[in-house]
$ cat my_file_21.cif   # mmCIF, C-alpha atoms
data_entry
#
loop_
_atom_site.group_PDB
_atom_site.id
_atom_site.type_symbol
_atom_site.label_atom_id
_atom_site.label_comp_id
_atom_site.auth_asym_id
_atom_site.auth_seq_id
_atom_site.Cartn_x
_atom_site.Cartn_y
_atom_site.Cartn_z
ATOM 1 C CA MET A 1 96.338 161.864 237.872
ATOM 2 C CA THR A 2 95.576 158.240 236.971
ATOM 3 C CA LYS A 3 98.349 156.191 235.386
ATOM 4 C CA ILE A 4 96.891 154.752 232.185
ATOM 5 C CA ILE A 5 100.144 153.035 231.094
ATOM 6 C CA GLU A 6 102.659 151.567 233.567
ATOM 7 C CA VAL A 7 105.942 149.995 232.521
ATOM 8 C CA ASN A 8 108.204 148.522 235.210
ATOM 9 C CA GLY A 9 111.552 146.787 234.632
ATOM 10 C CA LEU A 10 110.776 145.966 231.004
ATOM 11 C CA THR A 11 113.456 143.887 229.269
ATOM 12 C CA LYS A 12 113.479 142.287 225.820
ATOM 13 C CA SER A 13 116.292 140.547 223.938
ATOM 14 C CA PHE A 14 116.630 139.073 220.479
ATOM 15 C CA GLY A 15 119.294 136.417 220.813
ATOM 16 C CA ASN A 16 122.376 138.156 222.205
ATOM 17 C CA VAL A 17 121.046 141.619 221.371
ATOM 18 C CA GLN A 18 119.262 143.394 224.211
ATOM 19 C CA ALA A 19 116.701 145.658 222.545
ATOM 20 C CA VAL A 20 115.193 147.011 225.774
ATOM 21 C CA LYS A 21 117.170 147.124 229.023
ATOM 22 C CA ASN A 22 115.177 147.260 232.246
ATOM 23 C CA ILE A 23 113.156 150.403 231.480
ATOM 24 C CA SER A 24 110.426 151.905 233.663
ATOM 25 C CA PHE A 25 108.032 154.791 233.004
ATOM 26 C CA HIS A 26 104.349 155.659 233.200
ATOM 27 C CA VAL A 27 101.853 157.718 231.206
ATOM 28 C CA GLU A 28 99.166 159.763 232.916
ATOM 29 C CA GLU A 29 95.624 159.624 231.596
ATOM 30 C CA GLY A 30 94.576 162.444 229.286
ATOM 31 C CA THR A 31 98.101 163.659 228.548
ATOM 32 C CA LEU A 32 100.197 164.023 225.413
ATOM 33 C CA PHE A 33 103.219 161.794 226.027
ATOM 34 C CA SER A 34 106.298 161.700 223.773
ATOM 35 C CA PHE A 35 108.600 158.689 223.537
ATOM 36 C CA LEU A 36 111.798 159.795 221.820
ATOM 37 C CA GLY A 37 114.919 158.123 220.573
ATOM 38 C CA THR A 38 117.155 157.666 217.576
ATOM 39 C CA ASN A 39 116.567 154.754 215.209
ATOM 40 C CA GLY A 40 117.437 151.509 216.993
ATOM 41 C CA ALA A 41 117.012 153.000 220.466
ATOM 42 C CA GLY A 42 114.323 150.479 221.458
ATOM 43 C CA LYS A 43 111.166 152.518 220.830
ATOM 44 C CA SER A 44 109.567 150.163 218.322
ATOM 45 C CA THR A 45 110.222 147.100 220.474
ATOM 46 C CA THR A 46 108.618 148.801 223.473
ATOM 47 C CA ILE A 47 105.596 149.838 221.398
ATOM 48 C CA SER A 48 105.183 146.314 220.035
ATOM 49 C CA ILE A 49 105.070 144.992 223.597
ATOM 50 C CA LEU A 50 102.515 147.653 224.615
ATOM 51 C CA LEU A 51 100.371 146.639 221.640
ATOM 52 C CA THR A 52 100.569 142.964 222.703
ATOM 53 C CA LEU A 53 102.293 142.113 219.421
ATOM 54 C CA LEU A 54 105.526 140.960 221.061
ATOM 55 C CA LYS A 55 106.239 139.031 224.256
ATOM 56 C CA HIS A 56 108.658 140.564 226.736
ATOM 57 C CA ASP A 57 111.302 138.675 228.705
ATOM 58 C CA LYS A 58 111.079 140.434 232.072
ATOM 59 C CA GLY A 59 109.130 143.172 233.789
ATOM 60 C CA GLU A 60 105.491 144.175 233.953
ATOM 61 C CA VAL A 61 103.405 146.290 231.575
ATOM 62 C CA LYS A 62 99.881 147.478 232.351
ATOM 63 C CA VAL A 63 97.475 149.366 230.114
ATOM 64 C CA LYS A 64 94.474 150.885 231.891
ATOM 65 C CA GLY A 65 94.955 148.341 234.664
ATOM 66 C CA PHE A 66 95.130 145.326 232.340
ATOM 67 C CA THR A 67 98.349 143.284 232.288
ATOM 68 C CA VAL A 68 100.165 142.642 229.021
ATOM 69 C CA GLY A 69 100.504 138.911 228.422
ATOM 70 C CA LYS A 70 97.428 138.090 230.527
ATOM 71 C CA GLU A 71 94.628 140.400 229.376
ATOM 72 C CA ASP A 72 95.702 141.196 225.827
ATOM 73 C CA ALA A 73 92.211 141.236 224.294
ATOM 74 C CA ARG A 74 91.053 143.886 226.770
ATOM 75 C CA ILE A 75 94.179 145.955 226.099
ATOM 76 C CA ARG A 76 93.585 145.940 222.341
ATOM 77 C CA GLN A 77 90.126 147.417 222.942
ATOM 78 C CA GLU A 78 91.713 150.357 224.768
ATOM 79 C CA ILE A 79 94.313 151.256 222.119
ATOM 80 C CA GLY A 80 94.069 152.827 218.673
ATOM 81 C CA VAL A 81 97.323 152.895 216.739
ATOM 82 C CA VAL A 82 98.615 154.693 213.653
ATOM 83 C CA PHE A 83 101.559 152.750 212.261
ATOM 84 C CA GLN A 84 104.283 154.195 210.051
ATOM 85 C CA GLU A 85 102.922 152.133 207.151
ATOM 86 C CA SER A 86 99.216 152.576 206.440
ATOM 87 C CA LEU A 87 96.778 149.674 206.706
ATOM 88 C CA LEU A 88 94.224 151.178 204.308
ATOM 89 C CA ASP A 89 93.417 150.232 200.694
ATOM 90 C CA PRO A 90 94.571 152.906 198.206
ATOM 91 C CA LEU A 91 91.867 151.975 195.679
ATOM 92 C CA LEU A 92 88.943 152.429 198.067
ATOM 93 C CA THR A 93 87.516 155.776 199.123
ATOM 94 C CA VAL A 94 88.127 157.103 202.619
ATOM 95 C CA LYS A 95 84.545 156.269 203.576
ATOM 96 C CA GLU A 96 84.765 152.732 202.160
ATOM 97 C CA ASN A 97 88.004 152.118 204.066
ATOM 98 C CA LEU A 98 86.415 153.284 207.310
ATOM 99 C CA GLU A 99 83.348 151.101 206.713
ATOM 100 C CA ILE A 100 85.485 148.007 206.162
ATOM 101 C CA ARG A 101 87.666 148.712 209.199
ATOM 102 C CA GLY A 102 84.650 149.474 211.359
ATOM 103 C CA ALA A 103 83.089 146.137 210.424
ATOM 104 C CA LEU A 104 86.027 144.406 212.126
ATOM 105 C CA TYR A 105 84.774 145.757 215.467
ATOM 106 C CA SER A 106 81.418 143.955 215.128
ATOM 107 C CA MET A 107 79.457 147.202 215.033
ATOM 108 C CA SER A 108 75.834 147.347 213.912
ATOM 109 C CA LYS A 109 75.046 149.456 210.802
ATOM 110 C CA LYS A 110 73.765 152.238 213.031
ATOM 111 C CA GLU A 111 76.805 152.114 215.320
ATOM 112 C CA LEU A 112 79.191 152.086 212.366
ATOM 113 C CA LYS A 113 77.463 155.045 210.719
ATOM 114 C CA GLU A 114 77.639 157.023 213.963
ATOM 115 C CA ALA A 115 81.301 156.057 214.491
ATOM 116 C CA ILE A 116 82.260 157.197 210.980
ATOM 117 C CA GLN A 117 80.415 160.496 211.459
ATOM 118 C CA ARG A 118 82.189 160.994 214.784
ATOM 119 C CA VAL A 119 85.741 160.339 213.521
ATOM 120 C CA THR A 120 85.086 162.279 210.306
ATOM 121 C CA THR A 121 84.210 165.341 212.372
ATOM 122 C CA LEU A 122 87.084 164.859 214.822
ATOM 123 C CA THR A 123 89.733 164.579 212.095
ATOM 124 C CA ARG A 124 88.031 166.867 209.557
ATOM 125 C CA LEU A 125 87.717 164.436 206.667
ATOM 126 C CA GLN A 126 84.512 165.850 205.187
ATOM 127 C CA SER A 127 86.102 167.436 202.112
ATOM 128 C CA PHE A 128 87.708 164.192 200.853
ATOM 129 C CA LEU A 129 85.534 161.457 202.369
ATOM 130 C CA ASP A 130 84.540 160.153 198.912
ATOM 131 C CA ARG A 131 88.002 160.338 197.360
ATOM 132 C CA PRO A 132 90.204 157.228 196.910
ATOM 133 C CA TYR A 133 92.714 156.926 199.738
ATOM 134 C CA GLY A 134 95.543 156.552 197.207
ATOM 135 C CA LYS A 135 94.727 159.951 195.685
ATOM 136 C CA LEU A 136 95.101 161.865 198.949
ATOM 137 C CA SER A 137 98.041 164.032 200.019
ATOM 138 C CA GLY A 138 100.375 162.743 202.717
ATOM 139 C CA GLY A 139 98.711 164.855 205.404
ATOM 140 C CA GLU A 140 95.200 163.790 204.350
ATOM 141 C CA ARG A 141 96.237 160.139 204.468
ATOM 142 C CA ARG A 142 97.590 160.541 207.982
ATOM 143 C CA ARG A 143 94.358 162.186 209.164
ATOM 144 C CA THR A 144 92.452 159.284 207.640
ATOM 145 C CA ASP A 145 94.755 156.821 209.415
ATOM 146 C CA ILE A 146 93.991 158.562 212.713
ATOM 147 C CA ALA A 147 90.256 158.411 211.989
ATOM 148 C CA ARG A 148 90.582 154.668 211.364
ATOM 149 C CA ALA A 149 92.375 154.239 214.694
ATOM 150 C CA LEU A 150 89.579 156.082 216.539
ATOM 151 C CA LEU A 151 86.622 154.096 215.193
ATOM 152 C CA HIS A 152 86.283 151.871 218.272
ATOM 153 C CA THR A 153 86.625 154.823 220.706
ATOM 154 C CA PRO A 154 89.932 153.815 222.323
ATOM 155 C CA SER A 155 91.253 155.350 225.542
ATOM 156 C CA ILE A 156 94.769 155.685 224.103
ATOM 157 C CA LEU A 157 95.931 156.794 220.665
ATOM 158 C CA ILE A 158 99.442 155.652 219.746
ATOM 159 C CA LEU A 159 101.134 157.532 216.891
ATOM 160 C CA ASP A 160 104.243 155.716 215.672
ATOM 161 C CA GLU A 161 106.428 158.363 213.968
ATOM 162 C CA PRO A 162 103.349 159.807 212.197
ATOM 163 C CA THR A 163 105.120 162.589 210.277
ATOM 164 C CA THR A 164 107.710 160.409 208.537
ATOM 165 C CA GLY A 165 107.741 161.315 204.839
ATOM 166 C CA LEU A 166 105.507 164.375 205.190
ATOM 167 C CA ASP A 167 106.447 167.841 203.963
ATOM 168 C CA ALA A 168 106.526 170.813 206.353
ATOM 169 C CA GLU A 169 102.992 171.972 205.540
ATOM 170 C CA SER A 170 101.532 168.475 205.981
ATOM 171 C CA ARG A 171 103.387 168.026 209.292
ATOM 172 C CA SER A 172 102.005 171.303 210.592
ATOM 173 C CA SER A 173 98.462 170.402 209.506
ATOM 174 C CA LEU A 174 98.715 166.962 211.090
ATOM 175 C CA TRP A 175 99.905 168.363 214.401
ATOM 176 C CA ASN A 176 97.115 170.918 214.441
ATOM 177 C CA THR A 177 94.701 167.996 214.041
ATOM 178 C CA VAL A 178 96.344 165.923 216.798
ATOM 179 C CA LEU A 179 96.521 168.793 219.285
ATOM 180 C CA GLN A 180 92.926 169.809 218.600
ATOM 181 C CA LEU A 181 91.811 166.184 218.923
ATOM 182 C CA GLN A 182 93.603 165.782 222.238
ATOM 183 C CA LYS A 183 92.144 169.036 223.522
ATOM 184 C CA GLU A 184 88.580 168.157 222.511
ATOM 185 C CA THR A 185 88.505 164.517 223.636
ATOM 186 C CA LYS A 186 90.982 164.547 226.565
ATOM 187 C CA MET A 187 92.314 161.312 225.075
ATOM 188 C CA THR A 188 95.740 160.006 226.034
ATOM 189 C CA VAL A 189 98.082 160.415 223.046
ATOM 190 C CA PHE A 190 101.324 158.411 222.990
ATOM 191 C CA LEU A 191 103.751 159.701 220.359
ATOM 192 C CA THR A 192 106.942 157.996 219.215
ATOM 193 C CA THR A 193 109.377 160.077 217.192
ATOM 194 C CA HIS A 194 113.034 160.931 216.668
ATOM 195 C CA TYR A 195 112.154 164.600 216.044
ATOM 196 C CA ILE A 196 112.260 166.246 219.454
ATOM 197 C CA GLU A 197 110.719 169.463 218.122
ATOM 198 C CA GLU A 198 107.508 167.453 217.697
ATOM 199 C CA ALA A 199 107.513 166.893 221.452
ATOM 200 C CA ALA A 200 107.428 170.615 222.255
ATOM 201 C CA ASN A 201 103.707 170.524 223.079
ATOM 202 C CA SER A 202 103.913 167.327 225.121
ATOM 203 C CA ASP A 203 103.062 167.106 228.789
ATOM 204 C CA TYR A 204 105.932 164.697 229.406
ATOM 205 C CA VAL A 205 108.896 163.297 227.466
ATOM 206 C CA VAL A 206 110.925 160.103 227.833
ATOM 207 C CA VAL A 207 114.137 159.765 225.807
ATOM 208 C CA MET A 208 115.686 156.393 224.931
ATOM 209 C CA ASN A 209 119.182 155.708 223.647
ATOM 210 C CA GLN A 210 120.954 152.388 223.157
ATOM 211 C CA SER A 211 117.995 150.422 224.603
ATOM 212 C CA GLU A 212 117.799 152.410 227.842
ATOM 213 C CA ILE A 213 115.904 155.427 229.127
ATOM 214 C CA ILE A 214 118.440 158.213 229.544
ATOM 215 C CA VAL A 215 116.261 161.137 230.609
ATOM 216 C CA LYS A 216 112.661 162.004 231.553
ATOM 217 C CA GLY A 217 110.859 165.279 232.110
ATOM 218 C CA THR A 218 108.669 167.992 230.646
ATOM 219 C CA PRO A 219 109.960 169.773 227.519
ATOM 220 C CA GLU A 220 110.650 172.845 229.645
ATOM 221 C CA GLN A 221 112.615 170.827 232.212
ATOM 222 C CA LEU A 222 114.753 169.300 229.457
ATOM 223 C CA LYS A 223 115.481 172.719 227.980
ATOM 224 C CA ASN A 224 116.339 174.194 231.380
ATOM 225 C CA ASN A 225 118.600 171.276 232.319
ATOM 226 C CA TYR A 226 120.392 170.738 229.023
ATOM 227 C CA SER A 227 120.145 173.864 226.896
ATOM 228 C CA THR A 228 122.791 176.559 226.654
ATOM 229 C CA ASP A 229 122.698 180.203 225.593
ATOM 230 C CA SER A 230 124.810 181.560 222.761
ATOM 231 C CA LEU A 231 125.691 185.059 221.629
ATOM 232 C CA PHE A 232 125.518 185.473 217.839
ATOM 233 C CA ILE A 233 127.548 188.427 216.558
ATOM 234 C CA THR A 234 127.857 189.864 213.075
ATOM 235 C CA PRO A 235 131.009 192.049 213.245
ATOM 236 C CA ILE A 236 131.837 195.134 211.225
ATOM 237 C CA ASP A 237 135.119 193.573 210.120
ATOM 238 C CA SER A 238 135.290 189.767 210.417
ATOM 239 C CA VAL A 239 139.066 189.448 210.048
ATOM 240 C CA ASN A 240 139.784 192.132 212.626
ATOM 241 C CA PHE A 241 137.126 190.796 215.036
ATOM 242 C CA LYS A 242 138.556 187.285 214.893
ATOM 243 C CA GLU A 243 142.002 188.598 215.816
ATOM 244 C CA ILE A 244 140.541 190.530 218.773
ATOM 245 C CA LEU A 245 138.656 187.485 220.073
ATOM 246 C CA ASP A 246 141.848 185.391 219.834
ATOM 247 C CA GLN A 247 143.857 188.066 221.658
ATOM 248 C CA ASN A 248 141.288 188.086 224.495
ATOM 249 C CA SER A 249 141.108 184.268 224.611
ATOM 250 C CA THR A 250 137.343 184.395 223.998
ATOM 251 C CA GLN A 251 135.982 181.048 222.826
ATOM 252 C CA PHE A 252 133.930 181.222 219.640
ATOM 253 C CA ILE A 253 132.667 179.324 216.637
ATOM 254 C CA GLU A 254 132.965 180.999 213.253
ATOM 255 C CA GLU A 255 130.292 180.366 210.622
ATOM 256 C CA LYS A 256 131.031 182.484 207.543
ATOM 257 C CA THR A 257 130.528 186.089 208.752
ATOM 258 C CA LEU A 258 128.819 185.030 211.992
ATOM 259 C CA PHE A 259 130.627 184.521 215.314
ATOM 260 C CA ILE A 260 128.954 182.343 217.956
ATOM 261 C CA ILE A 261 130.108 182.708 221.566
ATOM 262 C CA PRO A 262 128.804 180.127 224.094
ATOM 263 C CA LEU A 263 127.396 181.568 227.344
ATOM 264 C CA ASN A 264 126.918 180.129 230.811
ATOM 265 C CA ASP A 265 123.677 182.116 231.000
ATOM 266 C CA THR A 266 121.939 184.965 229.201
ATOM 267 C CA LEU A 267 123.347 187.714 231.431
ATOM 268 C CA CYS A 268 126.904 186.743 230.485
ATOM 269 C CA ALA A 269 126.254 188.414 227.127
ATOM 270 C CA ILE A 270 126.169 191.904 228.684
ATOM 271 C CA PRO A 271 129.900 192.337 229.536
ATOM 272 C CA LEU A 272 130.860 190.834 226.163
ATOM 273 C CA LEU A 273 128.636 193.294 224.305
ATOM 274 C CA ILE A 274 130.128 196.187 226.269
ATOM 275 C CA LYS A 275 133.659 194.922 225.679
ATOM 276 C CA TYR A 276 133.247 194.447 221.897
ATOM 277 C CA LYS A 277 130.663 197.188 221.274
ATOM 278 C CA GLU A 278 132.789 199.117 218.750
ATOM 279 C CA HIS A 279 133.244 196.020 216.563
ATOM 280 C CA ILE A 280 129.615 194.785 216.457
ATOM 281 C CA ALA A 281 127.275 195.417 213.528
ATOM 282 C CA SER A 282 124.440 193.323 214.997
ATOM 283 C CA PHE A 283 123.901 190.638 217.637
ATOM 284 C CA GLU A 284 121.367 188.158 219.018
ATOM 285 C CA VAL A 285 121.229 185.947 222.120
ATOM 286 C CA LYS A 286 119.673 182.538 221.458
ATOM 287 C CA LYS A 287 118.725 179.622 223.670
ATOM 288 C CA SER A 288 119.263 176.090 222.375
ATOM 289 C CA SER A 289 116.368 174.589 220.446
ATOM 290 C CA LEU A 290 114.812 171.318 221.587
ATOM 291 C CA ASP A 291 116.633 169.684 218.689
ATOM 292 C CA ASP A 292 119.962 170.934 220.094
ATOM 293 C CA VAL A 293 118.935 169.616 223.514
ATOM 294 C CA PHE A 294 118.118 166.180 222.092
ATOM 295 C CA LEU A 295 121.468 165.934 220.318
ATOM 296 C CA LYS A 296 123.293 166.996 223.476
ATOM 297 C CA ILE A 297 121.420 164.489 225.665
ATOM 298 C CA THR A 298 121.953 161.524 223.356
ATOM 299 C CA LYS A 299 125.639 162.403 222.885
ATOM 300 C CA GLU A 300 126.356 162.895 226.606
ATOM 301 C CA LYS A 301 124.415 159.858 227.800
ATOM 302 C CA GLY A 302 125.718 157.665 225.012
ATOM 303 C CA GLU A 303 129.358 158.240 225.878
#

$ encode --input "my_file_21.cif" --output "structure tokens"
Amino acid sequence: MTKIIEVNGLTKSFGNVQAVKNISFHVEEGTLFSFLGTNGAGKSTTISILLTLLKHDKGEVKVKGFTVGKEDARIRQEIGVVFQESLLDPLLTVKENLEIRGALYSMSKKELKEAIQRVTTLTRLQSFLDRPYGKLSGGERRRTDIARALLHTPSILILDEPTTGLDAESRSSLWNTVLQLQKETKMTVFLTTHYIEEAANSDYVVVMNQSEIIVKGTPEQLKNNYSTDSLFITPIDSVNFKEILDQNSTQFIEEKTLFIIPLNDTLCAIPLLIKYKEHIASFEVKKSSLDDVFLKITKEKGE
């Protein structure tokens, strides 16, 4: 596949603080790419450089073949971005906001009307198009922000921590919109977040920590490489079961009436279940969540 974003040896410092340390990665065209990291990891600095808003010290960055720092105007035409803080006027309706933003792209009246119709359909804004932006729910605002970013038909949509401040229902609705949009348009979507569960549907994930890239791969590769299995047991008698585990030198974590035994792999649960069968009321074998994987990666690589 074609590389639509290429970052090689990127470095950026602010005084004595190195915000980005010699990072390299690429994004393939038409994919959903997730750029993860804790706060202060270097994500925002990298995004600012991609958006031509910040000059880098070393390295090379290309967006759809155009070089950052040399062809910035062309790069801006290729990118639509949804920032954490909205750029829209809360007093104007959704439609009025889109009309004003569209005018910045020097569109004719016909082109602007067609663009608004297109993004309204893509992001499903029809039911609140004439409502003031400030009266919308968090999820509706985010969908409007995405529509605004798509007005000039960019090749790449950058979502900078788009679910910050949204409730669970709004997050779910937003992600349904993003995934459907990506599926329908085959657009490249570049997501930044510190919630690794949001990267579960990504084609590829890059994780940053302390200004460096610490791991890359598909969500499945990360889970296979860093996740662990655990056996969750609810015993018939907690006090008695704890004594038996201690006597057999079986490692465990106790959480109220639940005993969690780490496993090297799923099959390791079988001999333990046979051994402690008479003491078990119920059990479950679980694989680490992506959130567990993220915490493990950042802890291991940060040490």

$ closest_residue --input "my_file_21.cif" --among "A:Lys62, A:Ile75, A:Lys242, A:Glu212" --to "Gln18 (chain A)" --atoms "only C-alpha atoms"
A:Glu212

$ resolve_selection --input "my_file_21.cif" --expression "the PyMOL selection byres ((chain A and resi 87) around 10)" --output "PDB file with C-alpha atoms, keeping the file's coordinate frame"
ATOM      1  CA  VAL A  82      98.615 154.693 213.653  1.00  0.00           C
ATOM      2  CA  PHE A  83     101.559 152.750 212.261  1.00  0.00           C
ATOM      3  CA  GLN A  84     104.283 154.195 210.051  1.00  0.00           C
ATOM      4  CA  GLU A  85     102.922 152.133 207.151  1.00  0.00           C
ATOM      5  CA  SER A  86      99.216 152.576 206.440  1.00  0.00           C
ATOM      6  CA  LEU A  88      94.224 151.178 204.308  1.00  0.00           C
ATOM      7  CA  ASP A  89      93.417 150.232 200.694  1.00  0.00           C
ATOM      8  CA  PRO A  90      94.571 152.906 198.206  1.00  0.00           C
ATOM      9  CA  ASN A  97      88.004 152.118 204.066  1.00  0.00           C
ATOM     10  CA  ARG A 101      87.666 148.712 209.199  1.00  0.00           C
ATOM     11  CA  ASP A 145      94.755 156.821 209.415  1.00  0.00           C
ATOM     12  CA  ARG A 148      90.582 154.668 211.364  1.00  0.00           C
TER      13      ARG A 148
END

$ closest_residue --input "my_file_21.cif" --among "A:Lys3, A:His152, A:Lys135, A:Lys109" --to "Val27 (chain A)" --atoms "all atoms listed in the file"
A:Lys3

$ closest_residue --input "my_file_21.cif" --among "A:Gly69, A:Gly80, A:Gly165, A:Pro271" --to "Phe190 (chain A)" --atoms "all atoms listed in the file"
A:Gly80

$ closest_residue --input "my_file_21.cif" --among "A:Glu278, A:Glu161, A:Glu169, A:Glu184" --to "Thr121 (chain A)" --atoms "only C-alpha atoms"
A:Glu184

$ closest_residue --input "my_file_21.cif" --among "A:Glu6, A:Glu111, A:Glu255, A:Asp237" --to "Val68 (chain A)" --atoms "all atoms listed in the file"
A:Glu6

$ atom_distance --input "my_file_21.cif" --atom1 "CA of Ala103 (chain A)" --atom2 "CA of Gln126 (chain A)"
20.4 Å

$ closest_residue --input "my_file_21.cif" --among "A:Glu28, A:Asp167, A:Glu114, A:Glu254" --to "Ile233 (chain A)" --atoms "all atoms listed in the file"
A:Glu254

$ closest_atom_pairs --input "my_file_21.cif" --of "region 99-178 of chain A" --to "region 38-54 of chain A" --cutoff "12 Å" --atoms "all atoms listed in the file" --output "CSV"
residue,atom,partner,partner_atom,distance
A:Ile156,CA,A:Leu51,CA,10.9
A:Leu157,CA,A:Leu51,CA,11.1
A:Ile158,CA,A:Ile47,CA,8.6
A:Leu159,CA,A:Ile47,CA,10.0
A:Asp160,CA,A:Ser44,CA,8.1
A:Glu161,CA,A:Ser44,CA,9.8

$ resolve_selection --input "my_file_21.cif" --expression "the PyMOL selection byres ((chain A and resi 185) around 12)" --output "list in words"
Glu29, Gly30, Thr31, Leu32, Arg118, Val119, Leu122, Thr123, Leu150, Thr153, Pro154, Ser155, Ile156, Leu157, Thr177, Val178, Leu179, Gln180, Leu181, Gln182, Lys183, Glu184, Lys186, Met187, Thr188 and Val189 of chain A

$ residues_around --input "my_file_21.cif" --residues "Tyr105 (chain A)" --least-positions-apart "5" --cutoff "10 Å" --atoms "only C-alpha atoms" --output "short mmCIF file (atom, residue, chain, number, x, y, z; two decimals) with C-alpha atoms, keeping the file's coordinate frame"
data_model
loop_
_atom_site.label_atom_id
_atom_site.label_comp_id
_atom_site.auth_asym_id
_atom_site.auth_seq_id
_atom_site.Cartn_x
_atom_site.Cartn_y
_atom_site.Cartn_z
CA GLN A 77 90.13 147.42 222.94
CA ILE A 100 85.48 148.01 206.16
CA LEU A 112 79.19 152.09 212.37
CA LEU A 151 86.62 154.10 215.19
CA HIS A 152 86.28 151.87 218.27
#

$ residues_near_point --input "my_file_21.cif" --point "(121.7, 173.6, 230.5)" --cutoff "12 Å" --atoms "only C-alpha atoms" --output "list in words"
Glu220, Gln221, Leu222, Lys223, Asn224, Asn225, Tyr226, Ser227, Thr228, Asp229, Ser230, Pro262, Leu263, Asn264, Asp265, Thr266, Lys287, Ser288, Ser289, Leu290, Asp292, Val293, Phe294, Lys296 and Ile297 of chain A

$ resolve_selection --input "my_file_21.cif" --expression "the PyMOL selection byres ((chain A and resi 252) around 10)" --output "PyMOL selection string"
chain A and resi 230-232+242+245-246+249-251+253-255+258-262

$ write_last_selection --input "my_file_21.cif" --atoms "C-alpha atoms" --output "PDB file, keeping the file's coordinate frame"
ATOM      1  CA  SER A 230     124.810 181.560 222.761  1.00  0.00           C
ATOM      2  CA  LEU A 231     125.691 185.059 221.629  1.00  0.00           C
ATOM      3  CA  PHE A 232     125.518 185.473 217.839  1.00  0.00           C
ATOM      4  CA  LYS A 242     138.556 187.285 214.893  1.00  0.00           C
ATOM      5  CA  LEU A 245     138.656 187.485 220.073  1.00  0.00           C
ATOM      6  CA  ASP A 246     141.848 185.391 219.834  1.00  0.00           C
ATOM      7  CA  SER A 249     141.108 184.268 224.611  1.00  0.00           C
ATOM      8  CA  THR A 250     137.343 184.395 223.998  1.00  0.00           C
ATOM      9  CA  GLN A 251     135.982 181.048 222.826  1.00  0.00           C
ATOM     10  CA  ILE A 253     132.667 179.324 216.637  1.00  0.00           C
ATOM     11  CA  GLU A 254     132.965 180.999 213.253  1.00  0.00           C
ATOM     12  CA  GLU A 255     130.292 180.366 210.622  1.00  0.00           C
ATOM     13  CA  LEU A 258     128.819 185.030 211.992  1.00  0.00           C
ATOM     14  CA  PHE A 259     130.627 184.521 215.314  1.00  0.00           C
ATOM     15  CA  ILE A 260     128.954 182.343 217.956  1.00  0.00           C
ATOM     16  CA  ILE A 261     130.108 182.708 221.566  1.00  0.00           C
ATOM     17  CA  PRO A 262     128.804 180.127 224.094  1.00  0.00           C
TER      18      PRO A 262
END

$ atom_distance --input "my_file_21.cif" --atom1 "CA of Leu295 (chain A)" --atom2 "CA of Ile23 (chain A)"
20.9 Å

$ atom_distance --input "my_file_21.cif" --atom1 "CA of Leu174 (chain A)" --atom2 "CA of Arg124 (chain A)"
10.8 Å

$ residues_near_point --input "my_file_21.cif" --point "(88.8, 152.9, 198.5)" --cutoff "9 Å" --atoms "all atoms listed in the file" --output "list in words"
Leu88, Asp89, Pro90, Leu91, Leu92, Thr93, Val94, Lys95, Glu96, Asn97, Asp130, Arg131, Pro132, Tyr133 and Gly134 of chain A

$ residues_around --input "my_file_21.cif" --residues "Ile214 (chain A)" --least-positions-apart "4" --cutoff "8 Å" --atoms "all atoms listed in the file" --output "ChimeraX atom specification"
/A:206-209,297-298,301

$ write_last_selection --input "my_file_21.cif" --atoms "C-alpha atoms" --output "PDB file, keeping the file's coordinate frame"
ATOM      1  CA  VAL A 206     110.925 160.103 227.833  1.00  0.00           C
ATOM      2  CA  VAL A 207     114.137 159.765 225.807  1.00  0.00           C
ATOM      3  CA  MET A 208     115.686 156.393 224.931  1.00  0.00           C
ATOM      4  CA  ASN A 209     119.182 155.708 223.647  1.00  0.00           C
ATOM      5  CA  ILE A 297     121.420 164.489 225.665  1.00  0.00           C
ATOM      6  CA  THR A 298     121.953 161.524 223.356  1.00  0.00           C
ATOM      7  CA  LYS A 301     124.415 159.858 227.800  1.00  0.00           C
TER       8      LYS A 301
END

$ axis_aligned_box --input "my_file_21.cif" --around "region 223-236 of chain A" --padding-each-side "4 Å" --output "AutoDock Vina command-line options"
--center_x 123.7 --center_y 182.9 --center_z 221.8 --size_x 24.4 --size_y 32.4 --size_z 29.1

$ build_atoms --input "my_file_21.cif" --residues "region 24-28 of chain A" --atoms "N, CA, C and O atoms" --output "JSON list (two decimals), in the coordinates of the input"
[["chain", "number", "residue", "atom", "x", "y", "z"],
["A", 24, "SER", "N", 111.64, 151.64, 232.88],
["A", 24, "SER", "CA", 110.43, 151.90, 233.66],
["A", 24, "SER", "C", 109.94, 153.33, 233.38],
["A", 24, "SER", "O", 110.73, 154.27, 233.37],
["A", 25, "PHE", "N", 108.64, 153.48, 233.16],
["A", 25, "PHE", "CA", 108.03, 154.79, 233.00],
["A", 25, "PHE", "C", 106.52, 154.63, 233.11],
["A", 25, "PHE", "O", 105.99, 153.50, 233.11],
["A", 26, "HIS", "N", 105.81, 155.72, 233.21],
["A", 26, "HIS", "CA", 104.35, 155.66, 233.20],
["A", 26, "HIS", "C", 103.79, 156.83, 232.40],
["A", 26, "HIS", "O", 104.47, 157.83, 232.18],
["A", 27, "VAL", "N", 102.55, 156.68, 231.96],
["A", 27, "VAL", "CA", 101.85, 157.72, 231.21],
["A", 27, "VAL", "C", 100.57, 158.06, 231.95],
["A", 27, "VAL", "O", 99.79, 157.16, 232.29],
["A", 28, "GLU", "N", 100.37, 159.34, 232.21],
["A", 28, "GLU", "CA", 99.17, 159.76, 232.92],
["A", 28, "GLU", "C", 98.00, 159.94, 231.95],
["A", 28, "GLU", "O", 98.17, 160.39, 230.82]]
